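Read the structure below first, then the notes.
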Amino acid sequence: MDQRQALIAFGALSQETRLHIIRMLVVAGPDGMAAGALAEKVEVSPSNISFHLKELEHSGLVAAQRQSRSIIYTANYEALGGLVRFLMEDCCSGHPEICAPAAEVAACCAPTAKENLQ
């Protein structure tokens with residue numbers, strides 16, 4: 001991830017509703033959540049959730065897929081991990097072991113490719 005991409009991602013996350021959406025999608029895992037369900041949980045109107053999801057999708061932090069009449073949104077774990085790696089890239093003046101716990105946490109929760117295929 002380069003600085004421009006990181007700035008776009010941080011810009012998208014710097015709004016309370018969008019940060020809440022990302023956290024819910026991370027918890028939802030690879031199955032994701034429908035836009036309507038997200039709107040209900042965040043307690044915003046359908047047009048408002050669409051606006052926020054569009055911003056998150058533009059940033060690359062979420063992906064959308066149509067399933068029947070619903071659009072299902074999922075967290076883009078690769079992009080989220082890239083954002084963490086961007087922050088930790090030059091960690092601790094050549095002593096990466098200091099940052100290792102944070103890197104392990106970032107890597108532990110991403111679904112595997114096998115899980116994504118199910």
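We name chains A, B, ... following the order of the structure tokens; residues begin at 1 in each chain, and ligands are numbered from 1 as shown.
Using only C-alpha atoms, the protein and nucleic acid residues lying no more than 9 Å from region 83-97 of chain A, apart from those fewer than 3 places from it along its own chain, are A:Met1, A:Asp2, A:Gln3, A:Gln5, A:Ala6, A:Ala9, A:Phe10, A:Glu78, A:Ala79, A:Leu80, A:Ala100, A:Pro101, A:Ala102, A:Ala103, A:Ala106.
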Convert the current residue selection to file output with N, CA and C atoms, as an mmCIF file, in the first residue's frame.
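Saved to result17.cif:
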```
data_model
loop_
_atom_site.group_PDB
_atom_site.id
_atom_site.type_symbol
_atom_site.label_atom_id
_atom_site.label_comp_id
_atom_site.auth_asym_id
_atom_site.auth_seq_id
_atom_site.Cartn_x
_atom_site.Cartn_y
_atom_site.Cartn_z
ATOM 1 N N MET A 1 0.851 -1.164 0.000
ATOM 2 C CA MET A 1 0.000 0.000 0.000
ATOM 3 C C MET A 1 0.901 1.233 0.000
ATOM 4 N N ASP A 2 0.560 2.189 -0.845
ATOM 5 C CA ASP A 2 1.355 3.415 -0.877
ATOM 6 C C ASP A 2 0.666 4.503 -0.042
ATOM 7 N N GLN A 3 1.326 5.612 0.102
ATOM 8 C CA GLN A 3 0.822 6.692 0.958
ATOM 9 C C GLN A 3 -0.530 7.222 0.473
ATOM 10 N N GLN A 5 -2.915 5.626 -1.187
ATOM 11 C CA GLN A 5 -3.945 4.648 -0.834
ATOM 12 C C GLN A 5 -4.245 4.680 0.662
ATOM 13 N N ALA A 6 -3.204 4.810 1.475
ATOM 14 C CA ALA A 6 -3.393 4.865 2.925
ATOM 15 C C ALA A 6 -4.202 6.103 3.318
ATOM 16 N N ALA A 9 -7.819 5.460 2.537
ATOM 17 C CA ALA A 9 -8.385 4.528 3.508
ATOM 18 C C ALA A 9 -8.614 5.202 4.857
ATOM 19 N N PHE A 10 -7.624 5.946 5.334
ATOM 20 C CA PHE A 10 -7.792 6.642 6.611
ATOM 21 C C PHE A 10 -8.893 7.682 6.529
ATOM 22 N N GLU A 78 -7.433 -8.053 2.887
ATOM 23 C CA GLU A 78 -6.127 -7.754 2.300
ATOM 24 C C GLU A 78 -5.833 -6.261 2.396
ATOM 25 N N ALA A 79 -6.827 -5.430 2.089
ATOM 26 C CA ALA A 79 -6.627 -3.977 2.170
ATOM 27 C C ALA A 79 -6.445 -3.527 3.616
ATOM 28 N N LEU A 80 -7.224 -4.092 4.527
ATOM 29 C CA LEU A 80 -7.078 -3.731 5.942
ATOM 30 C C LEU A 80 -5.705 -4.139 6.462
ATOM 31 N N ALA A 100 6.181 -6.994 16.299
ATOM 32 C CA ALA A 100 5.689 -8.317 15.924
ATOM 33 C C ALA A 100 4.308 -8.641 16.501
ATOM 34 N N PRO A 101 4.021 -8.329 17.762
ATOM 35 C CA PRO A 101 2.681 -8.644 18.269
ATOM 36 C C PRO A 101 1.565 -7.959 17.475
ATOM 37 N N ALA A 102 1.771 -6.714 17.094
ATOM 38 C CA ALA A 102 0.750 -6.007 16.313
ATOM 39 C C ALA A 102 0.601 -6.630 14.935
ATOM 40 N N ALA A 103 1.695 -7.018 14.325
ATOM 41 C CA ALA A 103 1.647 -7.641 13.008
ATOM 42 C C ALA A 103 0.944 -8.993 13.069
ATOM 43 N N ALA A 106 -2.813 -8.469 13.285
ATOM 44 C CA ALA A 106 -3.360 -8.067 11.992
ATOM 45 C C ALA A 106 -3.486 -9.257 11.051
#
```
Could you list, with a cut-off of 9 Å and counting only C-alpha atoms, the residues of region 26-107 of chain A near region 14-20 of chain A, each shown with its nearest atom pair and the distance in Å rounded to one decimal, rows sorted by chain and ascending number, as a tab-separated table?
```
residue	atom	partner	partner_atom	distance
A:Val42	CA	A:Thr17	CA	7.2
A:Val44	CA	A:Thr17	CA	8.9
A:Ile49	CA	A:Thr17	CA	8.6
A:His52	CA	A:Arg18	CA	5.9
A:Leu53	CA	A:Arg18	CA	7.5
A:Glu55	CA	A:Arg18	CA	8.3
A:Leu56	CA	A:Arg18	CA	7.1
```
Those selected residues, please, written with C-alpha atoms and delivered as a PDB file, in the first residue's frame.
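File produced: again25.pdb:
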```pdb
ATOM      1  CA  VAL A  42     -26.117   1.319  12.493  1.00  0.00           C
ATOM      2  CA  VAL A  44     -29.313   5.022   9.617  1.00  0.00           C
ATOM      3  CA  ILE A  49     -25.862   3.639   4.487  1.00  0.00           C
ATOM      4  CA  HIS A  52     -21.119   5.414   3.562  1.00  0.00           C
ATOM      5  CA  LEU A  53     -20.738   2.049   1.825  1.00  0.00           C
ATOM      6  CA  GLU A  55     -17.076   5.697   0.365  1.00  0.00           C
ATOM      7  CA  LEU A  56     -15.748   2.506   1.922  1.00  0.00           C
TER       8      LEU A  56
END
```
Just want the 10 Å neighbourhood of Asn76 (chain A), counted on only C-alpha atoms, with same-chain residues fewer than 3 positions away dropped. Output as a compact mmCIF listing (two decimals) with N, CA, C and O atoms, in the first residue's frame.
```
# COMPACT_ATOMS: atom_id res chain seq x y z
N ILE A 22 -17.16 -0.83 9.19
CA ILE A 22 -15.99 -1.69 8.99
C ILE A 22 -15.85 -2.69 10.12
O ILE A 22 -15.61 -3.88 9.89
N LEU A 25 -18.37 -5.42 9.69
CA LEU A 25 -18.05 -6.32 8.59
C LEU A 25 -16.89 -7.24 8.92
O LEU A 25 -16.87 -8.40 8.50
N VAL A 26 -15.94 -6.75 9.69
CA VAL A 26 -14.82 -7.61 10.13
C VAL A 26 -15.37 -8.73 11.01
O VAL A 26 -15.00 -9.89 10.86
N GLY A 29 -17.24 -11.48 9.05
CA GLY A 29 -16.40 -12.44 8.35
C GLY A 29 -16.70 -12.50 6.86
O GLY A 29 -17.31 -11.60 6.30
N PRO A 30 -16.30 -13.59 6.23
CA PRO A 30 -16.41 -13.70 4.77
C PRO A 30 -17.85 -13.73 4.25
O PRO A 30 -18.07 -13.50 3.08
N LEU A 56 -16.60 3.62 1.50
CA LEU A 56 -15.75 2.51 1.92
C LEU A 56 -15.34 1.64 0.73
O LEU A 56 -14.20 1.17 0.66
N GLU A 57 -16.25 1.45 -0.20
CA GLU A 57 -15.93 0.67 -1.39
C GLU A 57 -14.90 1.41 -2.25
O GLU A 57 -13.95 0.82 -2.74
N GLY A 60 -11.49 0.93 -1.11
CA GLY A 60 -10.98 -0.42 -1.25
C GLY A 60 -11.08 -1.25 0.02
O GLY A 60 -10.61 -2.39 0.05
N LEU A 61 -11.70 -0.71 1.05
CA LEU A 61 -11.77 -1.43 2.33
C LEU A 61 -12.91 -2.43 2.39
O LEU A 61 -12.93 -3.30 3.25
N VAL A 62 -13.90 -2.27 1.51
CA VAL A 62 -15.01 -3.23 1.44
C VAL A 62 -15.25 -3.61 -0.02
O VAL A 62 -14.89 -2.87 -0.94
N ALA A 63 -15.87 -4.76 -0.18
CA ALA A 63 -16.27 -5.23 -1.50
C ALA A 63 -17.76 -5.52 -1.47
O ALA A 63 -18.32 -5.86 -0.42
N ALA A 64 -18.40 -5.36 -2.62
CA ALA A 64 -19.84 -5.59 -2.73
C ALA A 64 -20.11 -6.68 -3.75
O ALA A 64 -19.41 -6.78 -4.77
N TYR A 73 -22.04 -6.85 1.50
CA TYR A 73 -20.77 -6.17 1.67
C TYR A 73 -19.88 -6.99 2.59
O TYR A 73 -20.35 -7.55 3.59
N ALA A 79 -6.83 -5.43 2.09
CA ALA A 79 -6.63 -3.98 2.17
C ALA A 79 -6.45 -3.53 3.62
O ALA A 79 -5.60 -2.67 3.91
N LEU A 80 -7.22 -4.09 4.53
CA LEU A 80 -7.08 -3.73 5.94
C LEU A 80 -5.70 -4.14 6.46
O LEU A 80 -5.06 -3.39 7.20
N GLY A 81 -5.25 -5.33 6.08
CA GLY A 81 -3.92 -5.77 6.47
C GLY A 81 -2.84 -4.88 5.86
O GLY A 81 -1.84 -4.57 6.50
N GLY A 82 -3.06 -4.44 4.62
CA GLY A 82 -2.12 -3.53 3.96
C GLY A 82 -2.02 -2.21 4.69
O GLY A 82 -0.93 -1.62 4.79
N ALA A 110 -7.63 -12.62 9.22
CA ALA A 110 -8.05 -12.63 7.83
C ALA A 110 -8.47 -14.04 7.44
O ALA A 110 -7.78 -15.00 7.74
N PRO A 111 -9.62 -14.16 6.77
CA PRO A 111 -10.03 -15.50 6.32
C PRO A 111 -9.03 -16.04 5.31
O PRO A 111 -8.47 -15.29 4.52
```
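Taking chain A and asking which residues DSSP calls strand (DSSP E) on the backbone, you get Met33, Ala34, Val62, Ala63, Ala64, Gln65, Arg66, Gln67, Ser70, Ile71, Ile72, Tyr73, Thr74 and Ala75 of chain A.
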Open item on the list: Restricting the calculation to only C-alpha atoms: of A:Cys99, A:Leu7, A:Tyr77, A:Ile72, which residue gets closest to Ala37 (chain A)?
Closed with: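 Looking only at the distances to Ala37 (chain A), the closest residue turns out to be A:Ile72.
Pairwise distance (CA of Ser70 (chain A), CA of Val27 (chain A)) equals 19.4 Å.
One finds CA of Leu13 (chain A) at 25.9 Å from CA of Gln67 (chain A).
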Task: DSSP alpha helix (DSSP H) residues within chain A, listed as a VMD selection string - done: chain A and resid 3 to 13 16 to 28 35 to 42 46 to 59 77 to 88 100 to 108 113 to 117
Open item on the list: Could you tell me how far CA of Leu38 (chain A) sits from CA of Ala75 (chain A), in Å to one decimal place?
Closed with: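 It comes out at 12.6 Å.
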